[in-house]
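Q: Sharing a structure, written as structure tokens. Questions coming.
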Amino acid sequence: MAMTDIVASDALLACLLPLIIIAAAFKAFPRTTVRDIQELLWPKSAFGNTHPHFSLERAYHAYAQYARLSGNDLSKMRFSYSQLSRANKKLGYAIGYPAKLDRLHDATQRNAVVANGIADLALEEFPPLKDQPELGLTAVDLSRVREALKHFVRDWSSEGLEERSRIFGPILEVLQSVDEEKRAGMKVLVPGCGLGRLAWDISELGSSFFDFNDSPI
């Protein structure tokens with residue numbers, strides 16, 4: 001079978017799958033309603049509100065609850081360590097695991113200052129968020145906040161300069177080879193750009209010469 005036929009058949013199956021689910025549900029359960037089908041295909045959150053995984057409300061609560069969620073995560077790590085045998089605890093102590101947990105606690109406290117600041121800023125920009133009920137968040141929400149904080153460091157801090165130079169440097173060097181007069185009219189797609197540092201650096205190339213080894217922070 002040709003590759004185009006395989007792709008076409010997969011696309012057709014993806015389009016027909018929701019219809020197959022609906023038909024099967026109505027056949028197996030004659031009393032099924034359209035609302036039941038909607039909840040099957042687009043389930044509500046455990047909290048009872050329809051907040052998609054990527055929504056302003058969910059993002060706000062994830063940042064506002066970062067300290068609590070991280071604290072719970074750290075408590076689970078300490079509890080797991082406490083349940084180890086004496087020999088394994090001794091090994092963990094030898095490699096510095098308890099000290100690592102202490103450093104994680106300190107880092108979490110510092111990160112919480114930033115996370116709370118972001119949540120407060122969200123309330124200033126979107127006051128109705130204050131009236132939103134607290135969502136039942138999961139480890140996935142916590143991981144998204146942590147990922148965003150990592151991007152803050154990589155994209156906009158002096159500590160992330162070395163990593164930016166290695167990753168962004170070759171891209172910017174290629175774009176710098178384009179005639180400066182032509183840059184202003186160019187459009188560059190930057191997929192997966194984190195918190196926008198690479199996109200910002202590229203936009204700077206369109207207006208003036210930019211040395212990617214310089215960091216504004």
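Letters A, B, ... go to the chains of the structure tokens in the order shown; residues in each chain start at 1; ligands are counted from 1 in the same order.
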Quick one: residues within 9 Å of segment 70-85 of chain A, only C-alpha atoms, excluding same-chain residues fewer than 5 positions away - as a ChimeraX atom specification?
A: /A:65,90,92,97-98,101,104-105,108,112,139,142
Q: Just the residues within 9 Å of segment 121-130 of chain A, please, counting only C-alpha atoms, with nothing from its chain fewer than 3 positions along; format it as a ChimeraX atom specification.
A: /A:56-57,60-61,116-118,133
Q: Restrict the selected residues to N, CA and C atoms and save them as a short mmCIF file (atom, residue, chain, number, x, y, z; two decimals), in the first residue's frame.
A:
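The resulting selection26.cif:
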data_model
loop_
_atom_site.label_atom_id
_atom_site.label_comp_id
_atom_site.auth_asym_id
_atom_site.auth_seq_id
_atom_site.Cartn_x
_atom_site.Cartn_y
_atom_site.Cartn_z
N LEU A 56 -7.41 29.90 30.97
CA LEU A 56 -6.94 30.96 31.86
C LEU A 56 -7.22 30.60 33.31
N GLU A 57 -8.41 30.05 33.58
CA GLU A 57 -8.77 29.71 34.95
C GLU A 57 -7.85 28.63 35.51
N TYR A 60 -4.34 30.06 36.15
CA TYR A 60 -4.30 30.90 37.35
C TYR A 60 -4.24 30.06 38.62
N HIS A 61 -5.11 29.07 38.72
CA HIS A 61 -5.13 28.25 39.93
C HIS A 61 -3.86 27.43 40.08
N ASN A 116 3.39 33.13 42.88
CA ASN A 116 2.36 33.97 43.50
C ASN A 116 2.29 35.33 42.83
N GLY A 117 3.45 35.85 42.43
CA GLY A 117 3.46 37.13 41.73
C GLY A 117 2.73 37.05 40.41
N ILE A 118 2.91 35.94 39.70
CA ILE A 118 2.21 35.75 38.42
C ILE A 118 0.71 35.65 38.66
N PRO A 133 -14.22 29.37 41.59
CA PRO A 133 -13.98 28.36 42.65
C PRO A 133 -12.66 27.66 42.41
#
